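S.K.: One structure coming up, written as structure tokens, with questions to follow.
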Amino acid sequence: MFKSQMKFQKILCYACLILAAVLFVYAIGFVTPSYDQYFLTMDRELGDDYSRVDGAQIFWELETLTSYEVRDVYDSNNNWIGTENVKVRQVGLIDQMLIVAIVDICVAILLFIFNTHKRRKYYIGNYVATGVYAAYNISIAAWIIARLSYFIKGFAKINLEQLKAFCEEQNIAYRPQATTNIFYVGIALCVVLILAAVAVVLNLLWKLQLQKREDKLLQQNKAEEVAVNG
């Protein structure tokens with residue numbers, strides 16, 4: 001009765017871990033299709049709002065940027081005593097996704113720590129691991145889809161005629177569609193993450209159903225033995 005379910009849960013847990021690893025690889029290579037197209041159009045020394053191609057400034061939001069701000073300094077009595085340069089780090093989408101993917105790998109490993117992949121009956125640890133995995137993956141998938149949708153709209157506003165002229169001038173392959181394609185790949189991956197999260201929950205429900213059926217059969221057998229033995 002449990003054989004098919006246990007085989008399924010093992011495959012599912014490994015699939016969850018592989019998906020987390022795929023998300024990590026995706027985050028690492030995420031900027032590659034965009035880098036050659038847009039990085040050379042901008043010059044940080046001229047400011048984040050500068051670009052040789054209108055609209056290409058949105059590329060900076062993908063990368064983590066470090067800048068310095070002048071801030072006022074006050075003493076313990078709230079009296080102004082001067083200013084100081086403070087380093088400000090703006091974490092871009094790429095690094096955000098890397099962090100999310102690393103945490104997702106750890107969350108997927110929870111399934112193995114509590115033997116969710118091979119345990120015949122589930123206990124509190126299995127419920128926790130299943131709930132954490134499902135909740136985390138659904139939430140990050142929704143967040144990533146929202147962020148990628150934002151960038152799809154942003155990159156659609158880039159002046160492609162200027163970009164094409166710049167690429168020809170710099171002898172760079174003109175492939176603006178590659179950036180959009182990588183966004184849609186990410187959205188597809190997030191849909192799979194959501195399906196995996198749902199599958200983990202359904203697997204738990206399947207397990208509970210089998211456990212109840214087994215307990216019911218055991219009770220019936222005990223009742224029959226009592227009736228036979230008097």
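Each chain of the structure tokens is named A, B, ... in the order shown, its residues numbered from 1; ligands are numbered from 1 in display order.
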Could you give me, as JSON lines, every stretch 5-24 of chain A residue with an atom at most 10 Å from stretch 207-214 of chain A, plus its closest atom pair and distance in Å to one decimal, counting only C-alpha atoms, rows ordered by chain then number?
M.R.:
```
{"residue": "A:Gln5", "atom": "CA", "partner": "A:Lys207", "partner_atom": "CA", "distance": 7.2}
{"residue": "A:Met6", "atom": "CA", "partner": "A:Lys207", "partner_atom": "CA", "distance": 8.6}
{"residue": "A:Gln9", "atom": "CA", "partner": "A:Lys207", "partner_atom": "CA", "distance": 9.3}
```
S.K.: Can you check which parts of stretch 150-171 of chain A lie within 10 Å of stretch 30-37 of chain A? Per residue, the shortest pair of atoms and distance in Å to one decimal, counting only C-alpha atoms, sorted by chain and number, as JSON lines.
M.R.:
```
{"residue": "A:Leu163", "atom": "CA", "partner": "A:Gln37", "partner_atom": "CA", "distance": 7.9}
{"residue": "A:Lys164", "atom": "CA", "partner": "A:Gln37", "partner_atom": "CA", "distance": 9.4}
{"residue": "A:Phe166", "atom": "CA", "partner": "A:Gln37", "partner_atom": "CA", "distance": 9.1}
{"residue": "A:Cys167", "atom": "CA", "partner": "A:Gln37", "partner_atom": "CA", "distance": 7.3}
```
S.K.: DSSP on the backbone: which residues in chain A end up as helix (DSSP H, G or I)? Give the answer as a PyMOL selection string.
M.R.: chain A and resi 3-29+32-41+44-46+56-62+93-113+124-155+160-170+176-229
S.K.: Residues within 8 Å of A:Val201, please, as a PyMOL selection string. Count only C-alpha atoms; anything in the same chain fewer than 2 positions from it doesn't count.
M.R.: chain A and resi 130-131+134+197-199+203-205
S.K.: With DSSP run on the backbone, what are the strand (DSSP E) residues within stretch 3-166 of chain A? I'd like them as a PDB file with C-alpha atoms, in the first residue's frame.
M.R.:
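Output saved as out.pdb:
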```pdb
ATOM      1  CA  LEU A  65      25.768  48.913  -6.485  1.00  0.00           C
ATOM      2  CA  THR A  66      27.930  50.550  -3.829  1.00  0.00           C
ATOM      3  CA  SER A  67      27.954  54.321  -3.376  1.00  0.00           C
ATOM      4  CA  TYR A  68      28.737  56.880  -0.688  1.00  0.00           C
ATOM      5  CA  GLU A  69      26.433  59.399   0.907  1.00  0.00           C
ATOM      6  CA  VAL A  70      27.276  62.396   3.057  1.00  0.00           C
ATOM      7  CA  ARG A  71      25.305  62.227   6.295  1.00  0.00           C
ATOM      8  CA  ASP A  72      25.124  64.503   9.305  1.00  0.00           C
ATOM      9  CA  VAL A  73      26.703  63.342  12.559  1.00  0.00           C
ATOM     10  CA  TYR A  74      25.248  64.230  15.970  1.00  0.00           C
ATOM     11  CA  TRP A  80      25.371  68.548  15.070  1.00  0.00           C
ATOM     12  CA  ILE A  81      29.131  67.956  15.013  1.00  0.00           C
ATOM     13  CA  GLY A  82      29.854  67.451  11.327  1.00  0.00           C
ATOM     14  CA  THR A  83      29.390  65.055   8.441  1.00  0.00           C
ATOM     15  CA  GLU A  84      30.731  61.675   7.382  1.00  0.00           C
ATOM     16  CA  ASN A  85      30.819  59.566   4.235  1.00  0.00           C
ATOM     17  CA  VAL A  86      28.645  56.471   4.619  1.00  0.00           C
ATOM     18  CA  LYS A  87      28.868  53.501   2.282  1.00  0.00           C
ATOM     19  CA  VAL A  88      25.470  52.589   0.869  1.00  0.00           C
ATOM     20  CA  ARG A  89      24.984  49.183  -0.732  1.00  0.00           C
ATOM     21  CA  GLN A  90      21.982  48.655  -2.978  1.00  0.00           C
TER      22      GLN A  90
END
```
S.K.: What is the distance between atom CA of A:Val200 and atom CA of A:Leu23, in Å to one decimal?
M.R.: 17.8 Å
S.K.: Find the residues around A:Ala20 up to 7 Å (only C-alpha atoms counted), leave out those fewer than 4 positions away in its own chain, and share them as an mmCIF file with C-alpha atoms, in the first residue's frame.
M.R.:
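Wrote part22.cif, looks like this:
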```cif
data_model
loop_
_atom_site.group_PDB
_atom_site.id
_atom_site.type_symbol
_atom_site.label_atom_id
_atom_site.label_comp_id
_atom_site.auth_asym_id
_atom_site.auth_seq_id
_atom_site.Cartn_x
_atom_site.Cartn_y
_atom_site.Cartn_z
ATOM 1 C CA CYS A 16 12.838 19.564 -5.027
ATOM 2 C CA PHE A 24 20.887 28.882 -8.039
ATOM 3 C CA ALA A 101 18.319 30.218 -4.079
ATOM 4 C CA ASP A 104 15.953 27.311 -0.981
ATOM 5 C CA ILE A 105 18.690 24.668 -1.190
#
```
S.K.: Pick out the closest residue to A:Ile94 from this set: A:Ala27, A:Ile145, A:Ala156, A:Val191. Count only C-alpha atoms.
M.R.: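 Among the listed residues, the smallest separation from A:Ile94 belongs to A:Ala27.
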S.K.: Name all residues at most 12 Å from A:Ala165 (count only C-alpha atoms; drop same-chain ones fewer than 4 positions away) and give them as number ranges by chain.
M.R.: A: 37, 41, 52-53, 159-161, 169-174
S.K.: Keeping only C-alpha atoms, take the residues you just selected and write them out as a PDB file, in the first residue's frame.
M.R.:
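result.pdb, written as the output of this step:
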```
ATOM      1  CA  GLN A  37      24.043  44.282 -24.654  1.00  0.00           C
ATOM      2  CA  THR A  41      26.121  51.608 -22.892  1.00  0.00           C
ATOM      3  CA  ARG A  52      24.144  56.022 -24.379  1.00  0.00           C
ATOM      4  CA  VAL A  53      20.856  54.202 -24.982  1.00  0.00           C
ATOM      5  CA  ASN A 159      15.155  52.460 -27.338  1.00  0.00           C
ATOM      6  CA  LEU A 160      16.013  49.529 -29.591  1.00  0.00           C
ATOM      7  CA  GLU A 161      17.051  51.715 -32.530  1.00  0.00           C
ATOM      8  CA  GLU A 169      29.331  50.728 -33.555  1.00  0.00           C
ATOM      9  CA  GLN A 170      30.909  48.511 -30.885  1.00  0.00           C
ATOM     10  CA  ASN A 171      30.792  45.352 -33.013  1.00  0.00           C
ATOM     11  CA  ILE A 172      28.501  43.656 -30.472  1.00  0.00           C
ATOM     12  CA  ALA A 173      25.876  41.081 -31.397  1.00  0.00           C
ATOM     13  CA  TYR A 174      22.463  42.729 -31.325  1.00  0.00           C
TER      14      TYR A 174
END
```
S.K.: Can you measure atom CA of A:Ala108 to atom CA of A:Tyr14 for me? One decimal in Å is fine.
M.R.: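 Answer for the atom CA of A:Ala108 to atom CA of A:Tyr14 separation: 8.6 Å.
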S.K.: Quick one: pull the distance between atom CA of A:Phe59 and atom CA of A:Ile102, Å, one decimal.
M.R.: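 According to the coordinates, atom CA of A:Phe59 and atom CA of A:Ile102 are separated by 23.3 Å.
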S.K.: Would you kindly return, as a PyMOL selection string, each protein, DNA or RNA residue with an atom no farther than 10 Å from any atom of A:Leu93, considering only C-alpha atoms and excluding same-chain residues fewer than 4 positions away?
M.R.: chain A and resi 27+30-31+60-64+97-99+144+147-148+151
S.K.: Quick one: write out the picked residues with C-alpha atoms as a PDB file, in the first residue's frame?
M.R.:
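Once written, selection_38.pdb looks like this:
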```pdb
ATOM      1  CA  ALA A  27      20.616  33.271 -10.711  1.00  0.00           C
ATOM      2  CA  PHE A  30      20.891  35.422 -15.129  1.00  0.00           C
ATOM      3  CA  VAL A  31      22.755  38.574 -16.186  1.00  0.00           C
ATOM      4  CA  TRP A  60      21.734  48.846 -12.979  1.00  0.00           C
ATOM      5  CA  GLU A  61      18.817  47.520 -10.926  1.00  0.00           C
ATOM      6  CA  LEU A  62      19.969  44.002 -11.752  1.00  0.00           C
ATOM      7  CA  GLU A  63      23.384  44.546 -10.189  1.00  0.00           C
ATOM      8  CA  THR A  64      24.442  45.358  -6.636  1.00  0.00           C
ATOM      9  CA  MET A  97      18.030  35.794  -6.232  1.00  0.00           C
ATOM     10  CA  LEU A  98      21.319  34.133  -5.264  1.00  0.00           C
ATOM     11  CA  ILE A  99      20.471  34.537  -1.583  1.00  0.00           C
ATOM     12  CA  ILE A 144      10.520  36.363  -8.432  1.00  0.00           C
ATOM     13  CA  ARG A 147      10.273  41.148 -10.034  1.00  0.00           C
ATOM     14  CA  LEU A 148      10.831  39.590 -13.465  1.00  0.00           C
ATOM     15  CA  PHE A 151      11.970  44.095 -15.539  1.00  0.00           C
TER      16      PHE A 151
END
```
S.K.: Nearest to A:Leu195: which of A:Ala56, A:Ala135, A:Ala146, A:Glu168 is it, counting only C-alpha atoms?
M.R.: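 Comparing A:Ala56, A:Ala135, A:Ala146, A:Glu168 against A:Leu195, the winner is A:Ala135.
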